[in-house]
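Dropping upload-v6.txt in here (compact mmCIF, C-alpha atoms):
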```txt
# COMPACT_ATOMS: atom_id res chain seq x y z
CA MET A 273 -11.54 92.64 -48.64
CA THR A 274 -10.47 93.57 -45.09
CA ASP A 275 -13.45 91.87 -43.43
CA LEU A 276 -13.04 88.77 -45.59
CA PHE A 277 -9.31 88.56 -44.88
CA ASP A 278 -9.84 88.94 -41.11
CA LYS A 279 -12.55 86.27 -41.12
CA LEU A 280 -10.53 83.75 -43.12
CA TYR A 281 -7.30 84.53 -41.27
CA SER A 282 -9.02 83.99 -37.91
CA GLN A 283 -10.50 80.68 -39.08
CA PHE A 284 -7.11 79.59 -40.41
CA LEU A 285 -5.31 80.37 -37.14
CA SER A 286 -7.91 78.56 -35.05
CA GLY A 287 -7.93 75.47 -37.29
CA LYS A 288 -11.56 75.89 -38.34
CA THR A 289 -10.95 76.40 -42.07
CA ASN A 290 -12.56 73.94 -44.48
CA ARG A 291 -11.16 73.25 -47.93
CA LYS A 292 -13.36 75.83 -49.70
CA ASP A 293 -12.53 78.59 -47.22
CA PHE A 294 -8.85 77.68 -47.40
CA GLU A 295 -8.88 78.21 -51.16
CA GLY A 296 -10.53 81.59 -50.58
CA PHE A 297 -7.87 82.46 -48.02
CA LYS A 298 -5.09 81.66 -50.49
CA GLU A 299 -6.80 83.71 -53.18
CA SER A 300 -7.14 86.73 -50.88
CA LEU A 301 -3.42 86.53 -50.05
CA ASN A 302 -2.47 86.47 -53.73
CA HIS A 303 -4.26 89.80 -54.28
CA LEU A 304 -2.37 91.61 -51.50
CA SER A 305 0.92 93.41 -51.95
CA ASP A 306 3.77 92.76 -49.53
CA GLN A 307 3.05 95.98 -47.66
CA GLU A 308 -0.70 95.35 -47.48
CA LEU A 309 -0.19 91.79 -46.22
CA ALA A 310 2.23 92.95 -43.51
CA GLU A 311 -0.18 95.67 -42.37
CA ARG A 312 -3.21 93.33 -42.36
CA MET A 313 -1.42 90.64 -40.37
CA GLU A 314 -0.03 93.11 -37.83
CA ALA A 315 -3.38 94.88 -37.42
CA PHE A 316 -5.18 91.59 -36.93
CA TRP A 317 -2.81 90.44 -34.19
CA ASP A 318 -2.92 93.85 -32.45
CA GLU A 319 -6.74 93.97 -32.46
CA ASN A 320 -7.36 90.38 -31.35
CA THR A 321 -6.26 89.91 -27.77
CA VAL A 322 -6.97 86.18 -27.80
CA TYR A 323 -3.67 85.72 -29.60
CA PRO A 324 -0.37 86.34 -27.78
CA SER A 325 1.63 89.45 -28.63
CA MET A 326 4.51 88.99 -31.04
CA GLU A 327 7.95 90.51 -31.38
CA VAL A 328 8.42 92.80 -34.38
CA GLY A 329 11.15 90.54 -35.73
CA ARG A 330 8.87 87.50 -35.45
CA LYS A 331 6.14 89.28 -37.43
CA ARG A 332 8.63 90.19 -40.14
CA GLU A 333 9.86 86.60 -40.35
CA ILE A 334 6.30 85.27 -40.69
CA HIS A 335 5.62 87.78 -43.43
CA ARG A 336 8.86 86.98 -45.27
CA ARG A 337 8.41 83.21 -45.20
CA LEU A 338 4.73 83.37 -46.08
CA ARG A 339 5.37 85.54 -49.14
CA LEU A 340 8.27 83.29 -50.15
CA GLN A 341 5.98 80.25 -50.12
CA ILE A 342 3.26 82.01 -52.10
CA HIS A 343 5.57 83.57 -54.70
CA PRO A 344 8.86 81.62 -54.79
CA PRO A 345 11.69 83.34 -56.71
CA LYS A 346 12.33 82.35 -60.35
CA ILE A 347 10.07 79.27 -60.35
CA SER A 348 6.34 78.85 -60.08
CA ILE A 349 5.20 76.43 -57.36
CA ARG A 350 1.60 75.51 -56.70
CA TRP A 351 0.36 75.38 -53.09
CA SER A 352 1.56 71.80 -52.63
CA ARG A 353 1.38 69.69 -49.48
CA ILE A 354 4.89 70.80 -48.54
CA VAL A 355 3.97 74.48 -48.89
CA VAL A 356 0.78 74.06 -46.88
CA ALA A 357 2.65 72.33 -44.06
CA ALA A 358 5.40 74.95 -44.01
CA VAL A 359 2.95 77.86 -43.89
CA ILE A 360 0.91 76.18 -41.17
CA ALA A 361 4.04 75.72 -39.09
CA VAL A 362 5.16 79.33 -39.64
CA LEU A 363 1.82 80.72 -38.49
CA SER A 364 1.40 78.31 -35.61
CA VAL A 365 1.46 80.64 -32.59
CA THR A 366 -1.73 79.05 -31.23
CA ALA A 367 -0.78 75.90 -33.02
CA TRP A 368 -2.60 73.07 -31.28
CA ASN A 369 -5.58 73.20 -33.68
CA PHE A 370 -4.06 72.95 -37.14
CA SER A 371 -4.72 70.14 -39.61
CA LEU A 372 -3.29 69.50 -43.05
CA LEU A 373 -5.94 70.06 -45.69
CA HIS A 374 -4.46 68.22 -48.70
CA GLU A 375 -4.45 64.48 -49.19
CA LEU A 376 -1.67 62.54 -50.91
CA GLN A 377 -2.51 61.94 -54.54
CA ASN A 378 0.10 59.38 -55.46
CA ALA A 379 2.77 57.19 -53.93
CA ASN A 380 5.53 59.74 -54.52
CA SER A 381 3.75 62.65 -52.81
CA SER A 382 5.00 63.87 -49.44
CA PHE A 383 5.01 66.89 -47.18
CA LEU A 384 7.27 68.50 -44.61
CA ALA A 385 6.21 70.34 -41.45
CA GLU A 386 8.74 72.41 -39.51
CA VAL A 387 8.13 74.00 -36.10
CA PRO A 388 10.32 76.92 -34.95
CA ALA A 389 11.46 77.41 -31.35
CA GLY A 390 8.70 78.71 -29.10
CA ASP A 391 5.86 77.06 -31.04
CA LYS A 392 4.04 73.72 -31.05
CA VAL A 393 1.89 72.23 -33.79
CA GLN A 394 -0.84 69.62 -34.06
CA LEU A 395 -1.18 67.95 -37.46
CA THR A 396 -3.76 65.59 -38.91
CA LEU A 397 -1.99 63.37 -41.44
CA PRO A 398 -3.67 62.23 -44.68
CA ASP A 399 -4.26 58.76 -43.13
CA LYS A 400 -6.15 60.51 -40.24
CA SER A 401 -3.32 59.87 -37.79
CA SER A 402 -2.63 62.73 -35.40
CA VAL A 403 0.80 64.14 -34.52
CA LYS A 404 1.75 66.82 -32.03
CA LEU A 405 5.16 68.36 -32.71
CA ASN A 406 7.15 70.11 -30.00
CA SER A 407 9.32 73.20 -30.51
CA GLU A 408 12.22 72.97 -32.98
CA SER A 409 10.87 69.77 -34.49
CA SER A 410 10.22 68.66 -38.07
CA LEU A 411 8.25 65.83 -39.64
CA SER A 412 8.14 64.52 -43.20
CA TYR A 413 5.52 62.00 -44.32
CA ALA A 414 5.08 59.81 -47.38
CA TYR A 415 3.96 56.39 -48.61
CA VAL A 416 7.05 54.26 -49.29
CA ASN A 417 6.78 50.65 -50.55
CA GLY A 418 3.32 50.22 -49.07
CA LYS A 419 4.25 51.74 -45.71
CA ARG A 420 3.33 55.06 -44.13
CA VAL A 421 6.74 56.53 -43.33
CA ALA A 422 7.26 59.54 -41.06
CA ARG A 423 10.76 60.94 -40.50
CA LEU A 424 11.09 62.88 -37.25
CA LYS A 425 13.59 65.33 -35.84
CA GLY A 426 12.87 66.67 -32.36
CA GLU A 427 9.87 65.49 -30.37
CA GLY A 428 6.49 64.20 -31.48
CA TYR A 429 3.44 62.55 -29.89
CA PHE A 430 1.75 60.13 -32.31
CA GLN A 431 -1.80 58.77 -32.34
CA VAL A 432 -1.74 56.38 -35.30
CA SER A 433 -4.82 55.26 -37.21
CA LYS A 434 -5.02 51.49 -37.74
CA ASP A 435 -4.34 50.21 -41.24
CA ARG A 436 -3.05 46.65 -41.31
CA LYS A 437 -2.27 46.82 -45.02
CA HIS A 438 -0.05 49.88 -44.56
CA PRO A 439 2.15 49.76 -41.42
CA PHE A 440 3.16 53.12 -39.93
CA VAL A 441 6.90 53.62 -39.40
CA VAL A 442 8.60 56.52 -37.62
CA GLN A 443 12.24 56.83 -38.65
CA VAL A 444 14.71 58.68 -36.41
CA GLY A 445 18.12 58.25 -37.98
CA ASN A 446 18.75 54.49 -38.06
CA LEU A 447 16.02 53.72 -35.54
CA ASN A 448 12.70 52.45 -36.92
CA ILE A 449 9.52 52.46 -34.81
CA GLU A 450 6.82 50.41 -36.53
CA VAL A 451 3.16 50.30 -35.46
CA LEU A 452 -0.30 49.45 -36.76
CA GLY A 453 -2.36 51.64 -34.47
CA THR A 454 -1.22 53.05 -31.14
CA CYS A 455 -0.15 56.11 -29.11
CA PHE A 456 3.47 56.86 -28.31
CA ASN A 457 5.94 59.71 -27.77
CA VAL A 458 9.34 60.03 -29.47
CA TYR A 459 12.07 62.36 -28.18
CA SER A 460 15.19 62.92 -30.28
CA TYR A 461 16.97 66.25 -30.67
CA GLU A 462 20.25 66.58 -32.51
CA GLU A 463 22.23 67.56 -29.40
CA ASN A 464 21.27 64.27 -27.70
CA ASP A 465 23.07 60.99 -28.39
CA PHE A 466 19.92 58.97 -27.70
CA VAL A 467 16.32 58.50 -28.86
CA GLU A 468 13.54 57.94 -26.31
CA THR A 469 10.35 56.11 -27.31
CA SER A 470 7.60 56.04 -24.65
CA LEU A 471 4.59 53.81 -25.34
CA ILE A 472 1.22 55.04 -24.05
CA GLU A 473 -1.02 52.29 -25.44
CA GLY A 474 -0.88 49.51 -28.03
CA SER A 475 2.51 48.08 -29.04
CA VAL A 476 5.44 49.07 -31.20
CA ARG A 477 8.34 47.20 -32.77
CA LEU A 478 11.77 48.81 -32.74
CA TYR A 479 14.74 47.88 -34.91
CA ASP A 480 17.94 49.39 -36.27
CA SER A 481 18.21 49.83 -40.06
CA LYS A 482 21.64 48.19 -39.89
CA SER A 483 20.18 45.00 -38.35
CA PRO A 484 16.45 44.87 -39.23
CA SER A 485 16.15 41.18 -38.33
CA GLU A 486 16.80 41.99 -34.67
CA SER A 487 13.71 43.75 -33.30
CA PHE A 488 12.26 44.59 -29.89
CA ILE A 489 8.65 44.93 -28.73
CA LEU A 490 7.76 47.82 -26.43
CA LYS A 491 4.89 47.49 -23.95
CA PRO A 492 2.60 50.25 -22.56
CA SER A 493 4.17 52.39 -19.80
CA GLN A 494 7.63 51.37 -21.01
CA LYS A 495 10.31 53.61 -22.46
CA ALA A 496 13.01 52.44 -24.88
CA ILE A 497 16.27 54.39 -24.95
CA TYR A 498 18.20 53.87 -28.19
CA SER A 499 21.87 54.86 -28.37
CA LYS A 500 22.76 56.70 -31.57
CA ASN A 501 26.40 55.76 -30.98
CA ASN A 502 26.21 51.97 -30.75
CA GLY A 503 22.61 51.12 -31.72
CA LYS A 504 21.86 49.40 -28.41
CA ILE A 505 18.38 49.64 -26.84
CA SER A 506 17.54 49.57 -23.12
CA PHE A 507 14.07 49.40 -21.59
CA HIS A 508 12.66 51.20 -18.54
CA ASN A 509 9.31 51.55 -16.82
CA THR A 510 8.00 55.10 -17.06
CA ASP A 511 5.19 57.48 -16.17
CA ASN A 512 3.02 58.25 -19.20
CA VAL A 513 1.74 61.48 -17.68
CA LYS A 514 5.29 62.78 -17.30
CA GLU A 515 6.38 61.62 -20.76
CA THR A 516 3.52 63.46 -22.49
CA ALA A 517 3.27 66.46 -20.13
CA TRP A 518 4.57 68.78 -22.86
CA THR A 519 1.44 68.12 -24.92
CA GLN A 520 -0.52 69.82 -22.11
CA ASN A 521 1.87 72.82 -22.06
CA HIS A 522 3.53 71.40 -18.95
CA LEU A 523 7.32 71.85 -18.81
CA VAL A 524 8.76 69.17 -16.51
CA PHE A 525 12.30 68.61 -15.16
CA GLU A 526 13.20 65.52 -13.15
CA SER A 527 16.73 65.26 -11.74
CA GLU A 528 18.15 67.07 -14.77
CA LYS A 529 21.26 69.21 -15.01
CA LEU A 530 20.53 72.92 -14.98
CA GLY A 531 22.40 73.30 -18.28
CA SER A 532 19.99 70.84 -19.91
CA VAL A 533 17.05 72.68 -18.35
CA PHE A 534 18.25 75.95 -19.88
CA GLN A 535 18.36 74.22 -23.29
CA LYS A 536 14.73 73.16 -22.86
CA ILE A 537 13.75 76.69 -21.81
CA GLU A 538 15.45 78.07 -24.93
CA ARG A 539 13.45 75.72 -27.13
CA TRP A 540 10.19 76.11 -25.17
CA TYR A 541 10.13 79.93 -25.27
CA GLY A 542 12.10 80.53 -28.46
CA VAL A 543 14.91 82.44 -26.75
CA HIS A 544 18.71 82.28 -26.52
CA ILE A 545 20.27 81.94 -23.07
CA ASP A 546 23.81 83.20 -22.46
CA LEU A 547 25.03 81.48 -19.28
CA LEU A 548 27.91 83.56 -17.88
CA CYS A 549 28.27 81.42 -14.76
CA PRO A 550 28.86 77.91 -16.19
CA GLU A 551 29.74 76.54 -12.75
CA ILE A 552 26.01 76.09 -12.03
CA ALA A 553 25.33 74.14 -15.26
CA ASN A 554 25.82 70.73 -13.61
CA ASP A 555 23.56 71.39 -10.63
CA GLN A 556 20.58 69.01 -10.47
CA ILE A 557 17.01 70.28 -10.58
CA SER A 558 13.50 68.84 -10.39
CA GLY A 559 10.37 70.88 -10.94
CA SER A 560 7.64 71.82 -13.36
CA PHE A 561 5.89 74.83 -14.87
CA LYS A 562 2.48 74.89 -16.53
CA ASP A 563 1.43 77.75 -18.83
CA GLU A 564 3.93 80.09 -17.17
CA GLN A 565 5.54 83.12 -18.82
CA LEU A 566 9.33 83.20 -19.17
CA PRO A 567 9.92 85.89 -16.47
CA TYR A 568 8.08 83.75 -13.89
CA VAL A 569 10.22 80.72 -14.73
CA MET A 570 13.43 82.74 -14.51
CA GLU A 571 12.37 84.27 -11.18
CA ALA A 572 11.71 80.82 -9.74
CA LEU A 573 15.13 79.54 -10.85
CA LYS A 574 16.79 82.74 -9.63
CA PHE A 575 15.29 82.24 -6.17
CA GLN A 576 16.65 78.69 -5.99
CA TYR A 577 20.10 79.23 -7.51
CA GLY A 578 20.85 82.82 -6.58
CA PHE A 579 21.75 84.14 -10.03
CA ASN A 580 20.82 87.41 -11.70
CA TYR A 581 19.32 87.52 -15.18
CA GLU A 582 18.28 90.03 -17.82
CA ILE A 583 15.75 89.49 -20.62
CA THR A 584 16.30 91.62 -23.73
CA GLY A 585 13.99 90.69 -26.58
CA ASN A 586 14.68 87.02 -27.32
CA ASN A 587 17.96 86.97 -25.38
CA VAL A 588 18.43 85.99 -21.74
CA THR A 589 21.71 86.71 -19.95
CA ILE A 590 22.43 84.91 -16.68
CA ASN A 591 25.07 86.17 -14.25
CA LYS A 592 26.04 84.88 -10.83
CA SER A 593 24.68 87.27 -8.18
CA ASN A 594 26.96 88.95 -5.66
CA PRO A 595 27.37 86.88 -2.47
CA LEU A 596 25.58 88.13 0.63
CA LEU A 597 27.73 90.44 2.70
CA SER A 598 29.06 88.86 5.86
CA LYS A 599 28.77 90.48 9.28
CA GLU A 600 32.51 91.26 9.21
CA ASN A 601 32.24 92.94 5.79
CA ILE A 602 29.35 95.08 6.97
CA LEU A 603 31.35 96.19 10.03
CA ASP A 604 34.30 97.08 7.77
CA MET A 605 32.04 99.33 5.73
CA ILE A 606 30.75 101.27 8.76
```
Take the structure in the file and write it out as structure tokens.
Amino acid sequence: MTDLFDKLYSQFLSGKTNRKDFEGFKESLNHLSDQELAERMEAFWDENTVYPSMEVGRKREIHRRLRLQIHPPKISIRWSRIVVAAVIAVLSVTAWNFSLLHELQNANSSFLAEVPAGDKVQLTLPDKSSVKLNSESSLSYAYVNGKRVARLKGEGYFQVSKDRKHPFVVQVGNLNIEVLGTCFNVYSYEENDFVETSLIEGSVRLYDSKSPSESFILKPSQKAIYSKNNGKISFHNTDNVKETAWTQNHLVFESEKLGSVFQKIERWYGVHIDLLCPEIANDQISGSFKDEQLPYVMEALKFQYGFNYEITGNNVTINKSNPLLSKENILDMI
């Protein structure tokens, strides 16, 4: 059982599981007790150095949520599309290779994928469209009145398969982004009062649910900024490489406030930052990091802004460093 579990678990994490093997993986999980499952998962991660190390609390959370999806309390739920998506998201530490394995069976079927902070996920939708979800993002998908409807929270990069009979619509609050087949990026987190849609190729039509007759066409290398407050849309030329840099594990800041940058770092690395020197929050910063560990990023920012920091588990505390001693102060101390 151990060898089989390790083999199937490895295939599942790397996105190389076919439907038959996936059924075998589910069956092997059902025969393990809570303790056995926890020990197998922890042993696998410890023995396979190709996967990043995990905090003990993170391992426990994966175990808890996985068992909850397999054996929900009080009611019996089959491994539905929603369950599959949730489990894939929970286990997505190397998440760029995952695909959903179940197709929609009727018009009322749907699924939900949720990505925790510190992770990213790549999904293949039942219509063969591809979606990359950034940290702290969620996506639901269903057929609604002949349309393929995806509801997004957070950030997602879409590569939509063409199907003229079934338009593809991304809904972000009241904003609707309708396409037939194209590539585009959507950025919309709850703390922001705007939605950014950056078109890579093809074309998209944008409209507000409150006034669907008034629509706007977005062209490649353009970005539409939609105000959640008043529903107005403005258009700007943009750099596609910069807009999609996150899909290549490239964290980019361009003339952003340091407070906003810290929010992105929290989401990117799955940590909480306690800023004890808020006077630096409005300072502007431009820069980028690619595949860098959190301590390197913090050291680079420390060098530029002169603060001290401490990393304890998933918490980062930032304090203003002591000012350099002046010549007069040094003489006073002698």
Atom CA of A:Thr589 and atom CA of A:Glu408, how far apart in Å? 21.2 Å
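In this comparison, which uses all atoms listed in the file, the residue of A:Leu395, A:Leu573, A:Ile497, A:Val513 approaching A:Tyr459 most closely is A:Ile497.
Surrounding residues of (7.2, 46.6, -25.1) at most 8 Å away are Leu471, Ser475, Val476, Arg477, Phe488, Ile489, Leu490, Lys491, Pro492 and Gln494 of chain A (based on only C-alpha atoms).
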Put those residues in a file: C-alpha atoms, as a PDB file, keeping the file's coordinate frame.
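See out-v9.pdb below for the written result:
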```pdb
ATOM      1  CA  LEU A 471       4.590  53.810 -25.340  1.00  0.00           C
ATOM      2  CA  SER A 475       2.510  48.080 -29.040  1.00  0.00           C
ATOM      3  CA  VAL A 476       5.440  49.070 -31.200  1.00  0.00           C
ATOM      4  CA  ARG A 477       8.340  47.200 -32.770  1.00  0.00           C
ATOM      5  CA  PHE A 488      12.260  44.590 -29.890  1.00  0.00           C
ATOM      6  CA  ILE A 489       8.650  44.930 -28.730  1.00  0.00           C
ATOM      7  CA  LEU A 490       7.760  47.820 -26.430  1.00  0.00           C
ATOM      8  CA  LYS A 491       4.890  47.490 -23.950  1.00  0.00           C
ATOM      9  CA  PRO A 492       2.600  50.250 -22.560  1.00  0.00           C
ATOM     10  CA  GLN A 494       7.630  51.370 -21.010  1.00  0.00           C
TER      11      GLN A 494
END
```
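Here atom CA of A:Asp480 and atom CA of A:Gly426 stand 18.4 Å from one another.
Among A:Gln520, A:Asn457, A:Ser401, A:Gln394, the residue with the shortest atom-to-atom distance to A:Ser470, counting all atoms listed in the file, is A:Asn457.
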Need to verify the contact set: A:Ile552, 8 Å, all atoms listed in the file, exclusion of same-chain residues closer than 3 positions in sequence. Can you return it as a list in words? Leu530, Gly531, Cys549 and Asp555 of chain A
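Coordinates place atom CA of A:Val524 at a distance of 26.7 Å from atom CA of A:Asn448.
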Mind listing whatever residues come within 12 Å of the point (17.1, 83.5, -31.4)? Use all atoms listed in the file, file coordinates, and give them as a PyMOL selection string. chain A and resi 327+329-330+333+388-390+408+538-546+584-588
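For A:Ile557, the non-local neighbours within 8 Å, defined as residues at least 6 positions apart in the same chain or in other chains and counting only C-alpha atoms, are Phe525, Glu526, Ser527, Glu528, Lys529 and Leu530 of chain A.
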So, counting all atoms listed in the file, which residue among A:Leu523, A:Ile505, A:Ile590, A:Val393 is closest to A:Tyr577? A:Ile590
With all atoms listed in the file as the atoms that count, which of A:Ala496, A:Val421, A:Phe383, A:Ser483 lies nearest to A:Val458? A:Ala496
Please identify all polymer residues within 12 Å of A:Val441, counting only C-alpha atoms, omitting same-chain residues fewer than 4 positions from it, and present them as a PyMOL selection string. chain A and resi 412-424+430+432+435+446-454+476-479+481
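Residues with any atom within 9 Å of A:Ser460, counting only C-alpha atoms and excluding same-chain neighbours fewer than 2 positions away, are Leu424, Lys425, Gly426, Glu427, Gly428, Val444, Val458, Glu462, Glu463, Asn464, Asp465, Phe466, Val467, Glu468 and Thr469 of chain A.
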